[in-house]
$ cat target.txt   # compact mmCIF, C-alpha atoms and all ligand atoms
# COMPACT_ATOMS: atom_id res chain seq x y z
CA MET A 1 1.35 4.46 -33.12
CA THR A 2 3.94 2.39 -31.29
CA ASP A 3 2.93 -0.18 -28.69
CA GLN A 4 4.22 2.12 -25.97
CA GLU A 5 2.13 5.03 -27.26
CA GLU A 6 -0.94 2.81 -27.41
CA ARG A 7 -0.34 1.51 -23.88
CA ARG A 8 0.21 5.05 -22.64
CA GLY A 9 -3.19 6.03 -24.06
CA GLU A 10 -4.87 3.04 -22.40
CA LEU A 11 -3.29 3.83 -19.04
CA ALA A 12 -4.19 7.53 -19.34
CA ASP A 13 -7.85 6.66 -19.99
CA ALA A 14 -7.95 4.16 -17.12
CA LEU A 15 -6.27 6.63 -14.77
CA ALA A 16 -8.79 9.35 -15.63
CA ALA A 17 -11.65 6.90 -14.98
CA VAL A 18 -10.23 5.81 -11.61
CA ARG A 19 -9.59 9.42 -10.56
CA GLY A 20 -13.18 10.22 -11.57
CA ARG A 21 -14.54 7.36 -9.44
CA VAL A 22 -12.49 8.47 -6.43
CA ALA A 23 -13.57 12.12 -6.84
CA ASP A 24 -17.26 11.17 -7.19
CA ALA A 25 -17.06 8.93 -4.12
CA ALA A 26 -15.34 11.65 -2.10
CA ARG A 27 -17.90 14.28 -3.04
CA ALA A 28 -20.76 11.89 -2.26
CA ALA A 29 -19.25 11.52 1.23
CA ASP A 30 -18.70 15.27 1.65
CA ARG A 31 -14.96 14.77 1.51
CA ASP A 32 -12.28 16.63 -0.39
CA PRO A 33 -11.07 14.36 -3.26
CA GLY A 34 -7.56 15.62 -2.51
CA GLU A 35 -7.64 13.68 0.78
CA VAL A 36 -7.63 10.34 -1.04
CA GLY A 37 -4.32 9.14 -2.46
CA LEU A 38 -3.94 6.58 -5.23
CA LEU A 39 -1.55 3.65 -5.01
CA ALA A 40 -1.11 1.86 -8.34
CA VAL A 41 -0.75 -1.85 -7.61
CA THR A 42 1.65 -2.93 -10.35
CA LYS A 43 2.20 -6.58 -9.34
CA THR A 44 2.58 -8.84 -12.39
CA TRP A 45 2.88 -5.80 -14.73
CA PRO A 46 6.22 -4.81 -16.30
CA ALA A 47 8.42 -1.88 -15.27
CA SER A 48 7.62 -0.26 -18.63
CA ASP A 49 4.02 0.20 -17.40
CA VAL A 50 5.26 1.71 -14.15
CA ALA A 51 7.41 4.09 -16.20
CA LEU A 52 4.35 5.20 -18.21
CA LEU A 53 2.39 5.71 -14.98
CA THR A 54 5.16 7.95 -13.62
CA ASP A 55 4.93 9.95 -16.89
CA LEU A 56 1.21 10.31 -16.16
CA GLY A 57 1.96 11.76 -12.74
CA LEU A 58 1.70 8.78 -10.38
CA ALA A 59 4.40 8.32 -7.79
CA ALA A 60 3.22 5.51 -5.48
CA PHE A 61 3.37 1.87 -6.56
CA GLY A 62 2.41 -1.33 -4.78
CA GLU A 63 3.97 -4.78 -5.08
CA ASN A 64 3.10 -7.95 -3.20
CA LYS A 65 6.31 -9.96 -3.61
CA GLU A 66 9.71 -8.88 -2.36
CA GLN A 67 11.73 -10.22 -5.26
CA GLU A 68 9.45 -8.91 -8.01
CA GLY A 69 9.39 -5.51 -6.33
CA ALA A 70 13.18 -5.34 -5.98
CA VAL A 71 13.70 -6.12 -9.67
CA LYS A 72 11.00 -3.68 -10.82
CA ALA A 73 12.28 -0.86 -8.61
CA ALA A 74 15.75 -1.28 -10.14
CA GLU A 75 14.34 -1.41 -13.67
CA LEU A 76 12.29 1.73 -13.11
CA ALA A 77 15.37 3.53 -11.77
CA ASP A 78 17.05 2.74 -15.13
CA LEU A 79 14.00 3.70 -17.22
CA ARG A 80 13.18 6.92 -15.32
CA PRO A 81 16.27 8.01 -13.38
CA ASP A 82 14.68 11.34 -12.47
CA ALA A 83 11.44 9.93 -11.05
CA ALA A 84 11.07 9.68 -7.27
CA PRO A 85 8.71 6.73 -6.86
CA ARG A 86 7.57 5.44 -3.48
CA TRP A 87 7.29 1.67 -3.35
CA HIS A 88 4.71 0.06 -1.07
CA VAL A 89 4.66 -3.62 -0.13
CA VAL A 90 1.06 -4.82 0.14
CA GLY A 91 1.44 -8.61 0.35
CA ARG A 92 2.21 -11.19 3.00
CA LEU A 93 5.81 -10.99 3.94
CA GLN A 94 8.17 -13.58 5.36
CA ARG A 95 10.57 -12.31 7.99
CA ASN A 96 13.58 -13.57 6.08
CA LYS A 97 12.73 -11.12 3.27
CA ALA A 98 12.97 -8.08 5.55
CA ARG A 99 16.66 -7.39 5.01
CA SER A 100 16.37 -7.24 1.19
CA LEU A 101 13.04 -5.41 1.27
CA VAL A 102 14.40 -2.44 3.23
CA ARG A 103 16.85 -1.74 0.39
CA TRP A 104 14.06 -0.65 -1.99
CA ALA A 105 10.69 -0.32 -0.20
CA HIS A 106 9.48 2.92 1.37
CA VAL A 107 6.30 1.59 3.01
CA VAL A 108 5.19 -1.85 4.22
CA GLU A 109 1.39 -1.93 4.44
CA SER A 110 1.02 -5.57 5.45
CA VAL A 111 2.50 -5.78 8.94
CA ASP A 112 0.51 -8.20 11.06
CA SER A 113 2.68 -9.74 13.79
CA PRO A 114 5.09 -8.65 16.54
CA ARG A 115 7.80 -10.87 15.06
CA LEU A 116 7.50 -9.14 11.70
CA VAL A 117 7.70 -5.72 13.40
CA ASP A 118 10.90 -6.77 15.14
CA ALA A 119 12.43 -8.17 11.92
CA LEU A 120 11.67 -4.94 10.02
CA GLU A 121 13.03 -2.78 12.84
CA SER A 122 16.29 -4.70 12.86
CA ALA A 123 16.55 -4.76 9.04
CA ALA A 124 15.77 -1.03 8.72
CA GLY A 125 18.40 -0.23 11.35
CA LYS A 126 21.02 -2.21 9.44
CA ALA A 127 20.07 -0.60 6.12
CA LEU A 128 20.28 2.90 7.62
CA ASP A 129 23.72 2.11 9.11
CA ALA A 130 24.90 0.75 5.76
CA GLY A 131 23.66 3.83 3.90
CA GLU A 132 21.22 1.69 1.89
CA ARG A 133 18.31 3.89 2.90
CA VAL A 134 18.02 7.41 4.28
CA GLU A 135 14.66 7.42 6.05
CA PRO A 136 12.86 5.19 8.53
CA LEU A 137 10.62 2.52 7.04
CA GLU A 138 6.95 3.52 7.07
CA VAL A 139 4.71 0.77 8.38
CA LEU A 140 0.94 0.24 8.31
CA VAL A 141 -0.70 -2.38 10.50
CA GLN A 142 -2.89 -4.63 8.38
CA ILE A 143 -6.27 -5.35 9.92
CA SER A 144 -7.95 -8.71 9.39
CA VAL A 145 -11.63 -7.93 9.84
CA ASP A 146 -12.70 -11.59 9.95
CA ALA A 147 -9.46 -12.98 11.48
CA ASP A 148 -9.07 -15.42 8.57
CA PRO A 149 -5.43 -16.50 8.88
CA GLY A 150 -5.20 -17.25 5.14
CA ARG A 151 -5.29 -13.66 3.91
CA GLY A 152 -2.99 -11.99 6.38
CA GLY A 153 -3.65 -9.13 8.74
CA ALA A 154 -3.85 -8.93 12.50
CA PRO A 155 -7.08 -9.76 14.33
CA VAL A 156 -9.01 -6.63 15.34
CA ASP A 157 -8.18 -7.14 19.04
CA ASP A 158 -4.42 -7.13 18.36
CA VAL A 159 -4.21 -4.05 16.13
CA GLU A 160 -3.75 -1.33 18.76
CA GLU A 161 -1.02 -3.23 20.60
CA LEU A 162 0.78 -3.87 17.32
CA ALA A 163 0.55 -0.19 16.41
CA ASP A 164 2.07 0.70 19.80
CA ARG A 165 4.91 -1.71 19.15
CA VAL A 166 5.67 -0.14 15.74
CA ALA A 167 5.51 3.37 17.22
CA ALA A 168 8.11 2.39 19.83
CA CYS A 169 10.62 1.32 17.15
CA GLU A 170 13.54 3.61 16.40
CA HIS A 171 13.81 2.82 12.68
CA LEU A 172 10.11 2.46 11.82
CA HIS A 173 7.48 5.14 11.39
CA LEU A 174 3.86 4.21 12.11
CA GLY A 175 1.81 5.52 9.18
CA GLY A 176 -1.58 4.06 10.12
CA VAL A 177 -3.59 0.99 9.14
CA MET A 178 -4.48 -1.00 6.04
CA ALA A 179 -7.28 -3.44 5.29
CA VAL A 180 -8.62 -5.71 2.57
CA ALA A 181 -12.38 -6.26 2.83
CA PRO A 182 -13.12 -9.97 3.34
CA GLN A 183 -15.36 -11.58 0.75
CA ASP A 184 -17.85 -13.00 3.20
CA VAL A 185 -18.61 -9.73 5.04
CA ALA A 186 -20.57 -6.80 3.57
CA PRO A 187 -17.99 -4.14 2.60
CA GLU A 188 -19.91 -1.46 4.53
CA GLU A 189 -19.64 -3.51 7.70
CA ALA A 190 -15.96 -4.33 7.15
CA PHE A 191 -14.93 -0.75 6.33
CA ALA A 192 -16.93 0.60 9.28
CA THR A 193 -14.94 -1.66 11.61
CA VAL A 194 -11.71 -0.55 9.95
CA TRP A 195 -12.64 3.14 10.26
CA GLU A 196 -13.33 2.77 13.97
CA LEU A 197 -9.98 1.06 14.57
CA ALA A 198 -8.15 3.66 12.49
CA GLN A 199 -9.64 6.35 14.75
CA ARG A 200 -8.42 4.56 17.86
CA VAL A 201 -4.91 4.19 16.43
CA ARG A 202 -4.92 7.91 15.51
CA ALA A 203 -6.05 8.89 19.00
CA ALA A 204 -2.98 7.16 20.44
CA HIS A 205 -0.60 8.17 17.60
CA PRO A 206 -1.70 11.49 16.06
CA ARG A 207 0.72 11.23 13.11
CA ALA A 208 -0.61 7.81 12.06
CA VAL A 209 -3.27 9.25 9.76
CA THR A 210 -3.20 6.79 6.85
CA LEU A 211 -6.16 4.50 6.27
CA SER A 212 -5.32 2.36 3.23
CA ALA A 213 -8.57 0.76 2.08
CA GLY A 214 -10.39 0.10 -1.16
CA MET A 215 -9.40 -1.71 -4.36
CA SER A 216 -10.78 -1.77 -7.91
CA GLY A 217 -14.06 -3.36 -6.86
CA ASP A 218 -14.87 -1.56 -3.61
CA LEU A 219 -13.09 1.78 -3.63
CA GLU A 220 -16.33 3.82 -3.43
CA THR A 221 -17.37 2.13 -0.19
CA ALA A 222 -13.88 2.53 1.27
CA VAL A 223 -13.84 6.25 0.44
CA ALA A 224 -17.26 6.62 2.10
CA TYR A 225 -15.69 5.10 5.23
CA GLY A 226 -12.69 7.41 5.42
CA SER A 227 -10.04 5.79 3.21
CA THR A 228 -7.06 8.09 2.64
CA CYS A 229 -5.46 5.79 0.05
CA VAL A 230 -7.06 3.40 -2.43
CA ARG A 231 -4.93 0.58 -3.86
CA VAL A 232 -5.89 -0.04 -7.47
CA GLY A 233 -4.54 -2.69 -9.82
CA THR A 234 -7.09 -4.13 -12.24
CA ALA A 235 -9.03 -0.91 -12.95
CA LEU A 236 -5.79 0.83 -13.93
CA LEU A 237 -3.68 -1.81 -15.60
CA GLY A 238 -6.16 -4.48 -16.69
CA ARG A 239 -6.82 -8.08 -15.68
CA ARG A 240 -3.84 -9.92 -14.29
C1 LIG A 301 -3.68 -6.95 -5.71
C2 LIG A 301 -4.02 -6.09 -4.54
C3 LIG A 301 -4.72 -4.89 -4.71
C4 LIG A 301 -5.27 -4.43 -6.04
O1 LIG A 301 -6.41 -5.18 -6.32
P1 LIG A 301 -7.31 -4.87 -7.65
O2 LIG A 301 -8.57 -5.57 -7.34
O3 LIG A 301 -6.57 -5.44 -8.79
O4 LIG A 301 -7.47 -3.40 -7.73
C5 LIG A 301 -4.93 -4.11 -3.58
N1 LIG A 301 -4.50 -4.49 -2.35
C6 LIG A 301 -3.83 -5.63 -2.15
C7 LIG A 301 -3.39 -6.00 -0.78
C8 LIG A 301 -3.57 -6.48 -3.23
O5 LIG A 301 -2.93 -7.63 -3.03
$ encode --input "target.txt" --output "structure tokens"
Amino acid sequence: MTDQEERRGELADALAAVRGRVADAARAADRDPGEVGLLAVTKTWPASDVALLTDLGLAAFGENKEQEGAVKAAELADLRPDAAPRWHVVGRLQRNKARSLVRWAHVVESVDSPRLVDALESAAGKALDAGERVEPLEVLVQISVDADPGRGGAPVDDVEELADRVAACEHLHLGGVMAVAPQDVAPEEAFATVWELAQRVRAAHPRAVTLSAGMSGDLETAVAYGSTCVRVGTALLGRR
């Protein structure tokens, strides 16, 4: 067996296990497992792994650094020219990276300030004019449940106003909200807060239905609290 064949087998097993966990969690919550999408967080892993994951049927990939994502997206386009991956940015983003990011990213999940919204709106407009992208940039507002400035995310009280600001942008599409459960709060409590906010954002913006929540360690709890997309790195690809 070649290294690639061996890695493909590892990834296939891990993917089946993650899909099983998501399906079990959905059924336990009386939800349809088909309602919960899977974003493979491929940060630090090579494009060859992303290529194998596309062979296994995945199409959504998450990166947390603009430059690493840009390089990997280009490498994947060479490795699998027929694949149609959707690249999500899940990490803290500096405004000066917006213009390069809109050349390759489909979704930014980590939007947490009015200034970042404005930078992405302007960058997406320029990229559309230049023919560098063909669709608006999808944006999720990242919620900071404990308002810890270190990890990113907007404080709970600012989320609805930020969502309104995204929705008013011509070149952005408000997809919904995203959250990372803080370590010092029980995940049930954190995801309950996130669920409630997601409902309020949906009430104001009926198309903003995405609730991106849950990672390798807490995806069951997130699915119990309405997650429509779990973001999984370690449980799929291994320890970084
Ligand atoms: C790295 C990362 C993940 C994946 O975390 P794992 O614990 O490896 O599954 C999910 N979301 C965000 C925002 C991340 O930075």
$ closest_residue --input "target.txt" --among "A:Pro33, A:Gly152, A:Pro81, A:Gly175" --to "A:Gln94" --atoms "all atoms listed in the file"
A:Gly152
$ atom_distance --input "target.txt" --atom1 "atom CA of A:Glu109" --atom2 "atom CA of A:Ala70"
16.1 Å
$ residues_near_ligand --input "target.txt" --ligand "ligand LIG 301 (chain A)" --cutoff "7 Å" --atoms "only C-alpha atoms and all ligand atoms" --output "CSV table (one decimal) with C-alpha atoms, in the coordinates of the input"
chain,number,residue,atom,x,y,z
A,41,VAL,CA,-0.8,-1.8,-7.6
A,43,LYS,CA,2.2,-6.6,-9.3
A,64,ASN,CA,3.1,-8.0,-3.2
A,90,VAL,CA,1.1,-4.8,0.1
A,91,GLY,CA,1.4,-8.6,0.4
A,180,VAL,CA,-8.6,-5.7,2.6
A,215,MET,CA,-9.4,-1.7,-4.4
A,216,SER,CA,-10.8,-1.8,-7.9
A,217,GLY,CA,-14.1,-3.4,-6.9
A,231,ARG,CA,-4.9,0.6,-3.9
A,232,VAL,CA,-5.9,0.0,-7.5
A,233,GLY,CA,-4.5,-2.7,-9.8
A,234,THR,CA,-7.1,-4.1,-12.2
A,235,ALA,CA,-9.0,-0.9,-13.0
$ residues_around --input "target.txt" --residues "A:Ala98" --least-positions-apart "3" --cutoff "8 Å" --atoms "all atoms listed in the file" --output "PyMOL selection string"
chain A and resi 93-95+101-102+119-120+123
$ write_last_selection --input "target.txt" --atoms "C-alpha atoms" --output "compact mmCIF listing (two decimals), keeping the file's coordinate frame"
# COMPACT_ATOMS: atom_id res chain seq x y z
CA LEU A 93 5.81 -10.99 3.94
CA GLN A 94 8.17 -13.58 5.36
CA ARG A 95 10.57 -12.31 7.99
CA LEU A 101 13.04 -5.41 1.27
CA VAL A 102 14.40 -2.44 3.23
CA ALA A 119 12.43 -8.17 11.92
CA LEU A 120 11.67 -4.94 10.02
CA ALA A 123 16.55 -4.76 9.04
$ residues_around --input "target.txt" --residues "A:Thr42" --least-positions-apart "2" --cutoff "8 Å" --atoms "all atoms listed in the file" --output "list of chain:residue names"
A:Ala40, A:Thr44, A:Trp45, A:Pro46, A:Val50, A:Phe61, A:Gly62, A:Glu63, A:Gly233, A:Leu237
$ write_last_selection --input "target.txt" --atoms "C-alpha atoms" --output "PDB file, in the coordinates of the input"
ATOM      1  CA  ALA A  40      -1.110   1.860  -8.340  1.00  0.00           C
ATOM      2  CA  THR A  44       2.580  -8.840 -12.390  1.00  0.00           C
ATOM      3  CA  TRP A  45       2.880  -5.800 -14.730  1.00  0.00           C
ATOM      4  CA  PRO A  46       6.220  -4.810 -16.300  1.00  0.00           C
ATOM      5  CA  VAL A  50       5.260   1.710 -14.150  1.00  0.00           C
ATOM      6  CA  PHE A  61       3.370   1.870  -6.560  1.00  0.00           C
ATOM      7  CA  GLY A  62       2.410  -1.330  -4.780  1.00  0.00           C
ATOM      8  CA  GLU A  63       3.970  -4.780  -5.080  1.00  0.00           C
ATOM      9  CA  GLY A 233      -4.540  -2.690  -9.820  1.00  0.00           C
ATOM     10  CA  LEU A 237      -3.680  -1.810 -15.600  1.00  0.00           C
TER      11      LEU A 237
END
$ residues_near_point --input "target.txt" --point "(0.8, -1.8, 10.9)" --cutoff "6 Å" --atoms "only C-alpha atoms" --output "list of chain:residue names"
A:Val111, A:Val139, A:Leu140, A:Val141, A:Gln142, A:Ala163, A:Val177
$ residues_around --input "target.txt" --residues "A:Val201" --least-positions-apart "5" --cutoff "12 Å" --atoms "all atoms listed in the file" --output "list in words"
Leu140, Val141, Ile143, Val156, Asp158, Val159, Glu160, Glu161, Leu162, Ala163, Asp164, Arg165, Val166, Ala167, Leu174, Gly175, Gly176, Val177, Met178, Val194, Trp195, Glu196, Pro206, Arg207, Ala208, Val209, Thr210 and Leu211 of chain A
$ atom_distance --input "target.txt" --atom1 "atom CA of A:Ala14" --atom2 "atom CA of A:Gly57"
13.2 Å
$ closest_residue --input "target.txt" --among "A:Ala168, A:Leu38, A:Ala17, A:Ala222" --to "A:Glu189" --atoms "all atoms listed in the file"
A:Ala222
$ atom_distance --input "target.txt" --atom1 "atom CA of A:Gln67" --atom2 "atom CA of A:Gly150"
21.1 Å
$ closest_residue --input "target.txt" --among "A:Glu35, A:Asp30, A:Asp157, A:Glu66" --to "A:Arg200" --atoms "all atoms listed in the file"
A:Asp157
$ axis_aligned_box --input "target.txt" --around "stretch 146-154 of chain A" --padding-each-side "4 Å" --output "JSON"
{"center_x": -7.8, "center_y": -13.1, "center_z": 8.2, "size_x": 17.7, "size_y": 16.3, "size_z": 16.6}
$ closest_residue --input "target.txt" --among "A:Lys72, A:Glu121, A:Val18, A:Ala179" --to "A:Leu197" --atoms "only C-alpha atoms"
A:Ala179
